[in-house]
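**Q** Structure file final_12.txt (compact mmCIF, C-alpha atoms and all ligand atoms) right here:
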```
# COMPACT_ATOMS: atom_id res chain seq x y z
CA MET A 1 207.60 191.35 73.71
CA SER A 2 209.97 189.58 76.01
CA THR A 3 208.87 188.68 79.50
CA ARG A 4 212.42 188.93 80.81
CA THR A 5 212.76 191.58 83.53
CA PRO A 6 215.73 193.79 82.62
CA LEU A 7 218.66 193.74 85.04
CA ILE A 8 220.97 196.74 85.34
CA ALA A 9 224.04 195.71 87.32
CA GLY A 10 226.97 197.78 88.57
CA ASN A 11 230.42 196.26 88.92
CA TRP A 12 232.47 198.49 91.20
CA LYS A 13 235.67 196.46 90.68
CA MET A 14 238.48 197.51 93.06
CA PHE A 15 237.06 200.95 93.77
CA LYS A 16 235.73 202.58 96.94
CA THR A 17 236.62 202.31 100.60
CA CYS A 18 233.97 201.04 102.93
CA SER A 19 232.57 204.47 103.78
CA GLU A 20 232.63 205.61 100.13
CA ALA A 21 230.73 202.45 99.16
CA VAL A 22 228.11 203.01 101.86
CA ASP A 23 227.58 206.64 100.80
CA THR A 24 227.28 205.73 97.11
CA ALA A 25 224.89 202.86 97.82
CA ALA A 26 222.70 205.08 100.01
CA ALA A 27 222.53 207.78 97.33
CA LEU A 28 221.76 205.22 94.64
CA ALA A 29 219.00 203.56 96.69
CA LYS A 30 217.37 206.98 97.05
CA ASN A 31 217.77 207.82 93.36
CA VAL A 32 216.10 204.63 92.17
CA ALA A 33 213.32 204.33 94.76
CA ASP A 34 210.79 205.11 92.00
CA VAL A 35 212.03 202.51 89.51
CA SER A 36 209.76 199.65 88.60
CA GLY A 37 209.81 196.86 86.03
CA ARG A 38 213.53 196.30 86.24
CA ASP A 39 216.02 194.74 88.63
CA VAL A 40 219.02 196.64 89.92
CA MET A 41 222.20 195.21 91.45
CA ILE A 42 225.53 196.59 92.64
CA ALA A 43 228.67 194.57 93.31
CA PRO A 44 230.96 196.49 95.70
CA PRO A 45 234.32 195.08 96.83
CA TYR A 46 234.16 192.33 99.46
CA THR A 47 235.20 194.69 102.25
CA ALA A 48 232.05 196.78 101.82
CA LEU A 49 229.47 194.04 101.27
CA HIS A 50 228.12 193.83 104.79
CA PRO A 51 227.68 197.55 105.53
CA VAL A 52 226.29 198.12 102.02
CA SER A 53 223.74 195.34 102.53
CA GLU A 54 222.46 197.19 105.60
CA VAL A 55 222.06 200.40 103.61
CA LEU A 56 220.25 198.55 100.79
CA ALA A 57 217.79 196.69 103.06
CA GLY A 58 214.25 197.32 101.84
CA SER A 59 215.46 199.24 98.76
CA ARG A 60 215.11 198.51 95.01
CA VAL A 61 218.82 197.60 94.83
CA SER A 62 220.13 194.06 95.34
CA LEU A 63 223.62 193.17 96.43
CA GLY A 64 226.13 191.16 94.42
CA ALA A 65 229.74 190.07 94.80
CA GLN A 66 232.45 190.18 92.14
CA ASN A 67 233.72 186.62 92.53
CA LEU A 68 233.59 183.57 94.82
CA PHE A 69 235.54 180.38 95.48
CA TRP A 70 233.86 177.03 94.83
CA GLU A 71 234.61 175.25 98.12
CA LYS A 72 232.24 175.80 101.02
CA GLU A 73 234.97 176.37 103.61
CA GLY A 74 238.49 175.21 104.36
CA ALA A 75 242.16 176.13 104.33
CA TYR A 76 241.98 178.43 101.29
CA THR A 77 243.69 181.61 102.43
CA GLY A 78 242.20 184.70 100.85
CA GLU A 79 239.12 183.05 99.38
CA ILE A 80 235.39 183.63 100.01
CA SER A 81 232.61 181.05 99.61
CA ALA A 82 229.01 181.24 98.42
CA VAL A 83 227.77 180.63 101.98
CA MET A 84 229.79 183.60 103.20
CA LEU A 85 228.42 185.84 100.47
CA ALA A 86 224.85 184.79 101.21
CA SER A 87 225.45 185.44 104.91
CA VAL A 88 226.12 189.13 104.20
CA GLY A 89 223.05 189.52 102.02
CA CYS A 90 224.34 188.84 98.49
CA ARG A 91 221.81 187.65 95.92
CA TYR A 92 224.06 187.78 92.88
CA VAL A 93 227.68 186.97 92.08
CA ILE A 94 229.66 187.98 88.98
CA ILE A 95 231.65 185.03 87.62
CA GLY A 96 234.36 184.81 84.98
CA HIS A 97 234.82 188.52 84.37
CA SER A 98 237.50 189.07 81.71
CA GLU A 99 239.71 190.85 84.25
CA ARG A 100 239.66 187.68 86.38
CA ARG A 101 240.45 185.59 83.31
CA GLN A 102 243.24 187.96 82.28
CA TYR A 103 244.95 188.75 85.60
CA PHE A 104 244.01 185.85 87.90
CA ASN A 105 244.25 182.79 85.67
CA GLU A 106 240.51 182.15 85.61
CA THR A 107 239.71 179.46 83.04
CA ASP A 108 236.48 178.08 81.58
CA GLU A 109 236.90 175.10 83.95
CA THR A 110 237.21 177.18 87.11
CA VAL A 111 234.38 179.39 85.89
CA ASN A 112 232.28 176.24 85.65
CA GLN A 113 233.15 175.28 89.24
CA ARG A 114 232.26 178.76 90.46
CA ILE A 115 228.90 178.73 88.68
CA GLN A 116 228.10 175.39 90.29
CA ALA A 117 229.03 176.73 93.72
CA ALA A 118 226.95 179.87 93.22
CA LEU A 119 223.84 177.92 92.25
CA LYS A 120 224.28 175.46 95.11
CA GLY A 121 224.55 178.43 97.44
CA ALA A 122 221.31 179.95 96.08
CA LEU A 123 223.15 182.88 94.47
CA ILE A 124 222.34 184.12 90.97
CA PRO A 125 225.46 183.81 88.81
CA VAL A 126 226.19 186.58 86.33
CA PHE A 127 228.34 184.56 83.97
CA CYS A 128 230.64 186.77 81.84
CA VAL A 129 231.81 185.86 78.35
CA GLY A 130 233.45 187.90 75.61
CA GLU A 131 236.07 187.96 72.88
CA SER A 132 239.28 190.00 72.71
CA GLU A 133 239.94 192.55 69.98
CA GLN A 134 242.34 190.22 68.24
CA GLU A 135 239.80 187.38 68.33
CA ARG A 136 237.14 189.65 66.80
CA ASP A 137 239.51 190.94 64.14
CA SER A 138 240.42 187.40 63.11
CA GLY A 139 236.78 186.36 62.82
CA GLN A 140 236.77 184.11 65.89
CA THR A 141 234.09 185.87 67.95
CA PHE A 142 231.44 183.16 67.66
CA SER A 143 233.83 180.22 68.13
CA VAL A 144 235.37 181.83 71.25
CA LEU A 145 231.92 182.46 72.74
CA ASP A 146 230.75 178.98 71.83
CA LYS A 147 233.64 177.47 73.81
CA GLN A 148 233.20 179.79 76.80
CA ILE A 149 229.48 178.99 77.02
CA LYS A 150 229.85 175.24 76.48
CA ASP A 151 232.71 174.80 78.94
CA GLY A 152 231.28 177.23 81.48
CA LEU A 153 227.94 175.42 81.50
CA LYS A 154 229.30 171.87 81.25
CA ASN A 155 227.61 169.16 83.39
CA PHE A 156 224.59 171.21 84.34
CA PHE A 157 221.02 170.05 84.14
CA ALA A 158 218.86 172.58 82.34
CA LYS A 159 216.57 172.86 85.37
CA ASP A 160 219.48 174.07 87.51
CA LEU A 161 220.10 177.02 85.22
CA ALA A 162 216.73 178.75 85.51
CA LYS A 163 218.23 181.68 87.41
CA LEU A 164 221.39 182.04 85.33
CA VAL A 165 222.26 185.48 83.94
CA ILE A 166 224.79 185.82 81.11
CA ALA A 167 226.81 188.99 80.49
CA TYR A 168 228.34 189.51 77.07
CA GLU A 169 231.34 191.77 77.54
CA PRO A 170 233.62 192.18 74.53
CA VAL A 171 237.04 192.69 76.11
CA TRP A 172 237.89 195.49 73.66
CA ALA A 173 234.92 197.53 74.88
CA ILE A 174 235.61 197.31 78.63
CA GLY A 175 236.81 200.57 80.14
CA THR A 176 237.93 201.80 76.72
CA GLY A 177 235.06 204.07 75.79
CA LYS A 178 234.58 201.90 72.65
CA THR A 179 231.06 200.52 72.84
CA ALA A 180 230.06 197.77 70.51
CA THR A 181 227.35 199.01 68.18
CA SER A 182 223.84 197.94 69.09
CA ARG A 183 223.79 195.81 65.91
CA GLN A 184 227.03 194.02 66.91
CA VAL A 185 225.62 193.43 70.39
CA GLN A 186 222.28 192.13 69.08
CA ASP A 187 224.05 189.75 66.66
CA VAL A 188 226.08 188.24 69.50
CA HIS A 189 223.14 188.06 71.91
CA GLU A 190 221.07 186.31 69.26
CA PHE A 191 223.91 183.86 68.74
CA LEU A 192 224.21 183.24 72.50
CA ARG A 193 220.48 182.63 72.78
CA SER A 194 220.61 180.17 69.89
CA LEU A 195 223.39 178.28 71.72
CA LEU A 196 221.28 178.21 74.87
CA LYS A 197 218.29 176.94 72.88
CA LYS A 198 220.33 174.06 71.54
CA SER A 199 221.66 173.00 74.91
CA LEU A 200 218.85 173.97 77.30
CA GLY A 201 215.70 174.06 75.19
CA GLN A 202 213.58 176.90 73.83
CA GLU A 203 211.65 177.78 76.96
CA LEU A 204 214.62 178.13 79.29
CA ALA A 205 216.71 179.92 76.65
CA GLU A 206 213.93 182.48 76.24
CA SER A 207 213.85 183.14 79.98
CA ILE A 208 217.61 183.61 80.57
CA ARG A 209 218.68 187.25 80.73
CA ILE A 210 221.63 188.25 78.56
CA LEU A 211 223.25 191.54 79.63
CA TYR A 212 225.64 193.66 77.61
CA GLY A 213 228.74 195.17 79.25
CA GLY A 214 231.49 197.44 77.95
CA SER A 215 231.47 201.25 78.17
CA VAL A 216 227.73 201.48 78.87
CA LYS A 217 226.80 205.10 79.58
CA PRO A 218 223.61 207.16 80.02
CA ASP A 219 223.76 208.16 76.35
CA ASN A 220 224.01 204.66 74.83
CA ILE A 221 221.87 202.55 77.18
CA ALA A 222 218.50 203.28 75.54
CA GLU A 223 219.64 202.16 72.10
CA LEU A 224 221.20 198.99 73.52
CA MET A 225 218.06 198.20 75.50
CA GLY A 226 216.03 198.64 72.33
CA MET A 227 217.56 195.45 70.92
CA PRO A 228 215.30 192.40 71.29
CA ASP A 229 217.91 190.14 72.91
CA VAL A 230 219.51 192.71 75.22
CA ASP A 231 218.04 192.19 78.68
CA GLY A 232 220.13 194.60 80.68
CA ALA A 233 223.62 195.89 81.26
CA LEU A 234 226.69 195.19 83.37
CA VAL A 235 228.17 198.61 84.00
CA GLY A 236 231.69 199.28 85.30
CA GLY A 237 233.02 202.84 85.36
CA ALA A 238 229.64 204.54 84.96
CA SER A 239 228.18 202.68 87.97
CA LEU A 240 230.56 204.34 90.44
CA ASN A 241 228.67 207.62 90.50
CA PRO A 242 225.12 207.31 91.90
CA ASP A 243 223.69 209.99 89.59
CA THR A 244 225.26 208.59 86.43
CA PHE A 245 224.26 205.04 87.32
CA SER A 246 220.76 206.18 88.20
CA ALA A 247 220.48 207.84 84.77
CA ILE A 248 221.40 204.50 83.18
CA ILE A 249 218.88 202.63 85.32
CA HIS A 250 216.17 205.13 84.31
CA TYR A 251 216.99 204.75 80.57
P1 LIG B 301 233.03 199.45 81.83
O1 LIG B 301 233.22 197.99 82.50
O2 LIG B 301 231.57 199.80 81.90
O3 LIG B 301 233.88 200.37 82.68
O4 LIG B 301 233.51 199.36 80.42
C1 LIG B 301 232.29 196.98 82.29
C2 LIG B 301 232.67 195.75 83.07
O5 LIG B 301 233.87 195.44 83.15
O6 LIG B 301 231.81 195.06 83.65
```
Would you encode the structure as structure tokens?
Ligand code: PGA

**A**
Amino acid sequence: MSTRTPLIAGNWKMFKTCSEAVDTAAALAKNVADVSGRDVMIAPPYTALHPVSEVLAGSRVSLGAQNLFWEKEGAYTGEISAVMLASVGCRYVIIGHSERRQYFNETDETVNQRIQAALKGALIPVFCVGESEQERDSGQTFSVLDKQIKDGLKNFFAKDLAKLVIAYEPVWAIGTGKTATSRQVQDVHEFLRSLLKKSLGQELAESIRILYGGSVKPDNIAELMGMPDVDGALVGGASLNPDTFSAIIHY
């Protein structure tokens, strides 16, 4: 039995106005008030972080952001730092999501800088990795993940990574309704944990949570969570509705 506390995280992407986010967060907090033995996080858009943090105060739901910039402050128009996120109550930050890699030129190197900034700022990074459909079809899944993990975690001391969370999100399963099978997910998670063991040692690798993301729904979460190396989920579309997300959290 693993001692890792499952984490069910919701990534709201670029959805919800401020008042919609507040209403959804309030409904979710109510729906999951009875949950124990698992951590819950939502990552609303930046514009809603502060009011949502007020609604979540004292609830079972933690607040996360969807990205951050690595500098502390400065002339970086449009960017947000770890200090700023912490100041509005964030505990988590999603880093290196495939949509950021695809549309905003995020690279393994900038992902590495963001993870460093998150940890320095006492935020828990949710570090996303995953292969594209074409990479899977050409048998490159493990080599792609190996590079993303090695470059993303370059120059860290193992002790600094105790709070790290990894999210495996195959790009072909995000928002497509195509979920990876639980066997495919377990195979990748086992591979990721073996990489972590090699670079960080057995004990730390066993404590790091590896989430699965990509078309997670109330009807597939239980099977995914039944896999020994699946420690939670990063949920996009199905986290936008407080009843659907609550059903996932109560798997
Ligand atoms: P999805 O998104 O659940 O809508 O597939 C997952 C994600 O992008 O984190």

**Q** Quick one: what's the axis-aligned box for ligand LIG 301 (chain B), all listed atoms, 5 Å on every side, centre and edges in Å to one decimal, as JSON?

**A**
```
{"center_x": 232.7, "center_y": 197.7, "center_z": 82.0, "size_x": 12.3, "size_y": 15.3, "size_z": 13.2}
```

**Q** Neighbours of ligand LIG 301 (chain B) within 9 Å, counting all atoms listed in the file, as number ranges by chain?

**A** A: 9-13, 97-99, 128, 167, 169, 171-179, 212-217, 233-239

**Q** Rounded to one decimal, what separation in Å do you get between atom CA of Cys90 of chain A and atom CA of Ser36 of chain A?

**A**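 Going from atom CA of Cys90 of chain A over to atom CA of Ser36 of chain A covers 20.7 Å.
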
**Q** Out of A:Gln113, A:Ala222, A:Ala162, A:Ala247, which residue has the shortest atom-to-atom distance to Glu206 of chain A when counting all atoms listed in the file?

**A**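 Checking each candidate against Glu206 of chain A, we get A:Ala162 as the closest.
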
**Q** Check the smallest atom-to-atom distance from each of A:Ser62, A:Asp219, A:Lys16, A:Glu109 to Leu28 of chain A using all atoms listed in the file, then report the winner.

**A**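 Smallest distance to Leu28 of chain A is found for A:Ser62.
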
**Q** Go through A:Gln148, A:Ser199, A:Gln116, A:Gln184 and flag the residue nearest Arg136 of chain A, using all atoms listed in the file for the distances.

**A**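 Nearest to Arg136 of chain A: A:Gln184.
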
**Q** Quick one: residues within 10 Å of Gly37 of chain A, all atoms listed in the file, excluding same-chain residues fewer than 5 positions away - as a list in words?

**A** Arg4, Thr5, Pro6 and Leu7 of chain A

**Q** Give the answer as one residue: which of A:Val111, A:Leu153, A:Ala158, A:Leu85 has the shortest atom-to-atom distance to Leu123 of chain A, using only C-alpha atoms?

**A**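 Of A:Val111, A:Leu153, A:Ala158, A:Leu85, the one nearest Leu123 of chain A is A:Leu85, counting only C-alpha atoms.
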